[in-house]
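A.B. asks: What follows is the file structure.txt, containing compact mmCIF, C-alpha atoms:
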# COMPACT_ATOMS: atom_id res chain seq x y z
CA MET L 1 117.03 123.49 145.87
CA ILE L 2 115.69 121.95 142.66
CA VAL L 3 116.29 118.25 142.16
CA PRO L 4 118.51 117.75 139.06
CA GLY L 5 115.93 115.52 137.35
CA ILE L 6 113.16 118.06 137.86
CA LYS L 7 115.44 120.87 136.71
CA GLN L 8 116.22 119.00 133.49
CA LEU L 9 112.52 118.36 132.95
CA LEU L 10 111.71 122.03 133.43
CA LEU L 11 114.43 123.04 130.98
CA GLY L 12 112.84 120.74 128.40
CA VAL L 13 109.24 121.78 129.06
CA LEU L 14 109.76 125.54 129.36
CA PRO L 15 110.59 126.18 125.67
CA LEU L 16 107.56 124.14 124.58
CA ALA L 17 105.31 125.98 127.01
CA THR L 18 106.63 129.30 125.70
CA LEU L 19 106.02 128.21 122.12
CA PHE L 20 102.44 127.19 122.87
CA LEU L 21 101.80 130.45 124.73
CA VAL L 22 103.10 132.58 121.84
CA TRP L 23 101.09 130.45 119.41
CA GLN L 24 97.89 130.86 121.42
CA CYS L 25 98.35 134.63 121.74
CA ALA L 26 99.08 134.99 118.00
CA ALA L 27 96.01 132.93 117.10
CA VAL L 28 93.76 135.05 119.34
CA LEU L 29 95.14 138.33 118.02
CA MET L 30 94.99 137.34 114.34
CA ASP L 31 91.61 135.57 114.61
CA ASN L 32 92.25 133.81 111.30
CA SER L 33 91.11 130.30 110.31
CA ASN L 34 94.54 129.68 108.79
CA LEU L 35 96.06 129.88 112.28
CA PRO L 36 93.91 127.84 114.68
CA SER L 37 94.57 128.24 118.38
CA VAL L 38 96.39 125.72 120.52
CA LEU L 39 93.09 124.74 122.13
CA GLN L 40 91.48 124.09 118.74
CA VAL L 41 94.41 121.97 117.61
CA PHE L 42 94.41 119.90 120.81
CA ALA L 43 90.65 119.43 120.47
CA SER L 44 91.25 118.17 116.92
CA LEU L 45 94.05 115.92 118.17
CA ARG L 46 91.77 114.41 120.78
CA SER L 47 89.03 113.85 118.21
CA HIS L 48 91.34 112.13 115.71
CA LEU L 49 93.02 110.05 118.38
CA PHE L 50 89.96 108.75 120.22
CA GLU L 51 87.23 108.99 117.59
CA GLY L 52 89.15 108.74 114.33
CA ASP L 53 91.87 106.51 112.88
CA MET L 54 94.96 108.55 113.82
CA LEU L 55 96.48 105.67 115.79
CA HIS L 56 96.30 103.38 112.76
CA HIS L 57 98.01 105.90 110.48
CA LEU L 58 100.70 106.64 113.06
CA LEU L 59 101.49 102.94 113.45
CA VAL L 60 101.64 102.44 109.68
CA THR L 61 104.08 105.32 109.30
CA LEU L 62 106.21 104.12 112.21
CA LEU L 63 106.45 100.66 110.67
CA ARG L 64 107.64 102.14 107.38
CA VAL L 65 110.18 104.24 109.24
CA LEU L 66 111.45 101.22 111.16
CA LEU L 67 111.83 99.02 108.08
CA SER L 68 113.47 101.74 105.98
CA PHE L 69 115.79 102.75 108.83
CA THR L 70 116.88 99.16 109.48
CA ILE L 71 117.59 98.43 105.82
CA ALA L 72 119.43 101.70 105.31
CA MET L 73 121.60 101.26 108.40
CA LEU L 74 122.55 97.64 107.63
CA LEU L 75 123.47 98.33 104.01
CA GLY L 76 125.02 101.72 104.76
CA VAL L 77 127.25 100.37 107.53
CA PHE L 78 128.39 97.44 105.38
CA ILE L 79 129.19 99.60 102.35
CA GLY L 80 130.83 102.26 104.52
CA ILE L 81 133.11 99.73 106.20
CA MET L 82 134.11 98.24 102.85
CA MET L 83 134.86 101.65 101.31
CA GLY L 84 136.79 102.78 104.38
CA ALA L 85 138.83 99.60 104.57
CA PHE L 86 139.71 99.21 100.88
CA THR L 87 141.25 102.22 99.14
CA ARG L 88 140.61 101.01 95.60
CA LEU L 89 136.96 100.28 96.32
CA ASN L 90 136.61 103.73 97.83
CA ALA L 91 138.16 105.38 94.79
CA ALA L 92 135.93 103.42 92.44
CA GLY L 93 132.73 104.16 94.34
CA ASP L 94 133.36 107.74 95.45
CA SER L 95 131.83 109.39 92.37
CA ILE L 96 128.72 107.20 92.60
CA LEU L 97 128.41 108.09 96.28
CA ILE L 98 128.61 111.81 95.52
CA ILE L 99 125.86 111.47 92.91
CA ALA L 100 123.69 109.46 95.31
CA LEU L 101 124.11 112.12 97.98
CA ASN L 102 122.93 114.88 95.67
CA VAL L 103 120.05 113.23 93.82
CA PRO L 104 116.84 114.86 95.14
CA ALA L 105 114.73 112.58 97.31
CA LEU L 106 111.68 113.41 95.22
CA VAL L 107 113.36 112.03 92.08
CA THR L 108 114.22 108.76 93.83
CA ILE L 109 110.66 108.39 95.10
CA MET L 110 109.14 109.02 91.68
CA LEU L 111 111.48 106.58 89.95
CA CYS L 112 110.78 103.83 92.50
CA TYR L 113 107.05 104.25 92.03
CA VAL L 114 107.37 104.28 88.23
CA TRP L 115 109.68 101.26 88.08
CA PHE L 116 108.12 99.10 90.80
CA GLY L 117 104.57 100.44 90.98
CA LEU L 118 102.61 102.01 93.82
CA VAL L 119 103.40 99.19 96.20
CA GLU L 120 104.75 99.02 99.75
CA ALA L 121 108.13 97.65 98.63
CA ALA L 122 108.67 100.66 96.35
CA ALA L 123 107.90 103.04 99.21
CA ILE L 124 110.35 101.32 101.58
CA ALA L 125 113.03 101.13 98.89
CA ALA L 126 112.68 104.83 98.06
CA VAL L 127 113.21 105.85 101.68
CA ALA L 128 116.12 103.46 102.24
CA ILE L 129 117.90 104.54 99.04
CA ASN L 130 117.75 108.17 100.14
CA LYS L 131 119.21 107.35 103.54
CA ILE L 132 121.98 104.88 102.64
CA PRO L 133 124.50 107.42 101.19
CA THR L 134 124.57 109.50 104.38
CA VAL L 135 125.28 106.39 106.45
CA VAL L 136 128.00 105.30 104.05
CA VAL L 137 129.79 108.65 104.26
CA MET L 138 129.89 108.75 108.07
CA VAL L 139 130.86 105.11 108.55
CA ARG L 140 133.49 105.34 105.81
CA GLU L 141 135.16 108.23 107.62
CA GLY L 142 135.11 106.23 110.83
CA ALA L 143 136.66 103.22 109.11
CA ARG L 144 139.47 105.44 107.86
CA VAL L 145 140.51 106.57 111.34
CA VAL L 146 140.34 103.31 113.30
CA ASP L 147 143.30 102.64 115.58
CA ARG L 148 145.58 100.54 113.39
CA ASP L 149 147.93 99.78 116.29
CA LEU L 150 145.06 98.25 118.24
CA LEU L 151 144.13 96.14 115.24
CA GLU L 152 147.72 94.94 114.89
CA VAL L 153 147.83 93.97 118.58
CA ALA L 154 144.68 91.91 118.09
CA LYS L 155 146.29 90.15 115.14
CA VAL L 156 149.46 89.47 117.09
CA PHE L 157 147.42 87.79 119.82
CA GLN L 158 145.59 85.84 117.11
CA VAL L 159 142.13 87.00 118.11
CA ALA L 160 139.43 84.94 116.39
CA PRO L 161 137.97 86.68 113.29
CA LEU L 162 134.47 87.15 114.70
CA ARG L 163 135.79 88.41 118.04
CA TYR L 164 138.27 90.63 116.21
CA PHE L 165 135.46 92.26 114.21
CA PHE L 166 132.84 92.63 116.95
CA LYS L 167 135.15 93.36 119.91
CA VAL L 168 138.07 95.28 118.38
CA TYR L 169 137.12 96.76 115.02
CA LEU L 170 133.38 97.50 115.16
CA PRO L 171 133.38 99.24 118.59
CA GLN L 172 135.63 101.94 117.14
CA LEU L 173 132.90 102.71 114.61
CA TYR L 174 130.05 102.91 117.12
CA PRO L 175 130.23 106.71 117.56
CA PHE L 176 130.11 107.18 113.79
CA ILE L 177 127.26 104.69 113.40
CA MET L 178 125.34 106.43 116.18
CA ALA L 179 125.87 109.83 114.58
CA SER L 180 124.57 108.55 111.24
CA ALA L 181 121.59 106.94 112.98
CA ARG L 182 120.55 110.11 114.82
CA SER L 183 121.02 112.41 111.85
CA GLY L 184 119.43 109.97 109.45
CA LEU L 185 116.39 109.27 111.59
CA SER L 186 115.20 112.85 111.21
CA LEU L 187 115.73 112.59 107.45
CA ILE L 188 113.78 109.34 107.19
CA TRP L 189 110.76 110.81 109.02
CA LYS L 190 110.47 113.52 106.39
CA ILE L 191 111.02 111.27 103.38
CA VAL L 192 108.47 108.72 104.59
CA LEU L 193 105.81 111.44 104.74
CA VAL L 194 106.58 112.50 101.16
CA VAL L 195 106.45 108.87 100.03
CA GLU L 196 103.05 108.44 101.66
CA LEU L 197 101.79 111.70 100.22
CA LEU L 198 102.70 110.70 96.67
CA GLY L 199 101.81 107.04 96.49
CA ARG L 200 100.25 105.42 99.55
CA SER L 201 96.65 105.20 100.77
CA ASP L 202 97.46 105.34 104.49
CA GLY L 203 99.96 106.81 106.88
CA VAL L 204 100.54 110.28 108.28
CA GLY L 205 101.72 111.68 104.94
CA PHE L 206 98.56 110.49 103.20
CA GLN L 207 96.39 112.04 105.92
CA LEU L 208 98.24 115.36 105.72
CA GLY L 209 97.67 115.44 101.96
CA THR L 210 93.96 114.74 102.43
CA TYR L 211 93.50 117.49 105.02
CA PHE L 212 95.49 119.90 102.86
CA GLN L 213 92.94 119.46 100.07
CA PHE L 214 90.20 120.58 102.47
CA PHE L 215 92.39 123.32 104.06
CA ASP L 216 91.84 121.67 107.43
CA ILE L 217 94.72 123.35 109.24
CA SER L 218 93.66 122.11 112.67
CA SER L 219 93.88 118.48 111.57
CA ILE L 220 97.22 119.07 109.83
CA LEU L 221 98.68 120.58 112.99
CA ALA L 222 97.09 117.86 115.15
CA TYR L 223 98.83 115.12 113.15
CA THR L 224 102.04 117.13 113.22
CA LEU L 225 101.91 117.41 117.01
CA ALA L 226 101.19 113.69 117.40
CA PHE L 227 104.08 112.78 115.14
CA ALA L 228 106.42 115.24 116.91
CA ALA L 229 105.44 113.76 120.29
CA ILE L 230 106.35 110.26 119.10
CA ILE L 231 109.70 111.51 117.79
CA LEU L 232 110.47 113.15 121.15
CA VAL L 233 109.63 109.92 122.99
CA ILE L 234 111.89 107.86 120.72
CA GLU L 235 114.66 110.43 121.06
CA GLY L 236 114.36 110.56 124.84
CA LEU L 237 113.90 106.87 125.56
CA ILE L 238 116.14 105.29 122.92
CA MET L 239 118.49 107.58 121.02
CA ARG L 240 119.82 109.78 123.84
CA PRO L 241 120.42 106.96 126.36
CA LEU L 242 122.13 104.92 123.65
CA ASP L 243 124.22 107.93 122.66
CA ARG L 244 125.31 108.49 126.28
CA TYR L 245 126.10 104.79 126.65
CA ILE L 246 128.36 104.89 123.62
CA ALA L 247 129.94 108.18 124.70
CA ARG L 248 130.92 106.56 128.03
CA GLY L 249 132.45 103.62 126.21
CA GLY L 250 129.98 101.16 127.70
CA TYR L 251 130.23 99.00 124.60
CA HIS L 252 133.78 98.10 125.61
CA GLY L 253 132.47 96.04 128.53
CA GLN L 254 133.69 92.51 128.95
CA SER L 255 131.69 89.68 127.39
As a first step, turn the structure in this file into structure tokens.
C.D. replies:
Amino acid sequence: MIVPGIKQLLLGVLPLATLFLVWQCAAVLMDNSNLPSVLQVFASLRSHLFEGDMLHHLLVTLLRVLLSFTIAMLLGVFIGIMMGAFTRLNAAGDSILIIALNVPALVTIMLCYVWFGLVEAAAIAAVAINKIPTVVVMVREGARVVDRDLLEVAKVFQVAPLRYFFKVYLPQLYPFIMASARSGLSLIWKIVLVVELLGRSDGVGFQLGTYFQFFDISSILAYTLAFAAIILVIEGLIMRPLDRYIARGGYHGQS
């Protein structure tokens, strides 16, 4: 009998192992420099990680992701709550929100760089601006469907304003906030790389652009694997446990 933890691990590893096996076989059969083998890519990954400056560029990109994600979530949650709670504000801002959702990320990035210059603040702002509308939409929908009866009960018992917000109102939005965080995190990864490609002198996006100019496919795939590994770690250690915690209603615990 397979231990449940080991079984879950095997279910996660098996698809990756299959992918690498198919990749290796395809690379051997094609024998083309445009499709390096798995062994070549891992050799490049090892070289960049231990002999190059991959770690520096990964950390720089992660810092940009963290800052952009934090800003986007804070502003997005605030605006979403306000639009969901106040009908007139929602009506007034709905058209602007629709436009913001549909403006291409590339346009926002270019405008930020033109208006603010090729500086770090412009890069962070460009990423955050692209993420905020998606957070607003999800949180706004959550604010529309909060349990009004529960809110009225809290008012009847004269719950203090801060306790009312953090213990009665906000917990009802946690599933929506978590959904926006998980969906938006994948979006931010991609936008940060484009931002770095267009206007920064470090980071994973910058490195990918450099290796593209030299058609160094092994290095491109090596950086891609390293970045994907970090994403999987963050997803497994932070996002999924937090998602399960919220799904079980753990945030309703007593203070």
A.B. asks: Give as a VMD selection string the set of residues within 8 Å of the point (119.6, 103.4, 106.7), where distances use the file's coordinates and all atoms listed in the file.
C.D. replies: chain L and resid 68 to 76 128 to 129 131 to 132 135 181 184
A.B. asks: Would you mind reading off the distance between CA of Leu150 (chain L) and CA of Leu242 (chain L), one decimal, in Å?
C.D. replies: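 CA of Leu242 (chain L) lies at a distance of 24.5 Å from CA of Leu150 (chain L).
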A.B. asks: Taking all atoms of region 37-44 of chain L that the file lists and extending 6 Å past them on each side, where is the centre of the axis-aligned box and how long are its edges? Answer in Å to one decimal, as AutoDock Vina command-line options.
C.D. replies:
--center_x 93.5 --center_y 123.2 --center_z 119.5 --size_x 17.7 --size_y 22.1 --size_z 17.2
A.B. asks: Show me, as JSON lines, the residues of region 5-81 of chain L having an atom within 12 Å of region 200-205 of chain L, each with the closest atom pair and its distance in Å, using all atoms listed in the file.
C.D. replies:
{"residue": "L:His48", "atom": "CA", "partner": "L:Val204", "partner_atom": "CA", "distance": 12.0}
{"residue": "L:Asp53", "atom": "CA", "partner": "L:Gly203", "partner_atom": "CA", "distance": 10.1}
{"residue": "L:Met54", "atom": "CA", "partner": "L:Val204", "partner_atom": "CA", "distance": 8.1}
{"residue": "L:Leu55", "atom": "CA", "partner": "L:Gly203", "partner_atom": "CA", "distance": 9.6}
{"residue": "L:His56", "atom": "CA", "partner": "L:Gly203", "partner_atom": "CA", "distance": 7.7}
{"residue": "L:His57", "atom": "CA", "partner": "L:Gly203", "partner_atom": "CA", "distance": 4.2}
{"residue": "L:Leu58", "atom": "CA", "partner": "L:Val204", "partner_atom": "CA", "distance": 6.0}
{"residue": "L:Leu59", "atom": "CA", "partner": "L:Gly203", "partner_atom": "CA", "distance": 7.8}
{"residue": "L:Val60", "atom": "CA", "partner": "L:Gly203", "partner_atom": "CA", "distance": 5.5}
{"residue": "L:Thr61", "atom": "CA", "partner": "L:Gly203", "partner_atom": "CA", "distance": 5.0}
{"residue": "L:Leu62", "atom": "CA", "partner": "L:Gly203", "partner_atom": "CA", "distance": 8.6}
{"residue": "L:Leu63", "atom": "CA", "partner": "L:Gly203", "partner_atom": "CA", "distance": 9.7}
{"residue": "L:Arg64", "atom": "CA", "partner": "L:Gly203", "partner_atom": "CA", "distance": 9.0}
{"residue": "L:Val65", "atom": "CA", "partner": "L:Gly203", "partner_atom": "CA", "distance": 10.8}
A.B. asks: Can you tell me how far CA of Val127 (chain L) sits from CA of Ile217 (chain L), in Å to one decimal?
C.D. replies: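 So the two atoms, CA of Val127 (chain L) and CA of Ile217 (chain L), lie 26.6 Å apart.
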A.B. asks: At what distance in Å, to one decimal, does CA of Tyr223 (chain L) lie from CA of Leu208 (chain L)?
C.D. replies: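 A separation of 7.5 Å between them.
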A.B. asks: Using all atoms listed in the file, give me every residue within 12 Å of (94.8, 131.7, 114.7) in file coordinates, as a list of chain:residue names.
C.D. replies: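 Within 12 Å of (94.8, 131.7, 114.7), the protein and nucleic acid residues are L:Val22, L:Trp23, L:Gln24, L:Cys25, L:Ala26, L:Ala27, L:Val28, L:Leu29, L:Met30, L:Asp31, L:Asn32, L:Ser33, L:Asn34, L:Leu35, L:Pro36, L:Ser37, L:Val38, L:Leu39, L:Gln40, L:Val41, L:Ile217, L:Ser218, L:Leu221.
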A.B. asks: Could you list, as a compact mmCIF listing (two decimals) with C-alpha atoms, in the coordinates of the input, every residue within 8 Å of Leu173 (chain L), counting all atoms listed in the file and ignoring same-chain residues fewer than 5 positions away?
C.D. replies:
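Final output, out_7.txt:
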# COMPACT_ATOMS: atom_id res chain seq x y z
CA VAL L 139 130.86 105.11 108.55
CA GLY L 142 135.11 106.23 110.83
CA ALA L 143 136.66 103.22 109.11
CA VAL L 146 140.34 103.31 113.30
A.B. asks: With distances taken over only C-alpha atoms, which of L:Ile230, L:Met178, L:Ala154, L:Leu198 is nearest to Met138 (chain L)?
C.D. replies: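 Distance minimum relative to Met138 (chain L) lands on L:Met178.
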A.B. asks: Rank L:Phe215, L:Tyr174, L:Trp189, L:Trp115 by their smallest atom-to-atom distance to Asp243 (chain L), using only C-alpha atoms, and report the top residue only.
C.D. replies: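 Going through L:Phe215, L:Tyr174, L:Trp189, L:Trp115 one by one, the smallest distance to Asp243 (chain L) is for L:Tyr174.
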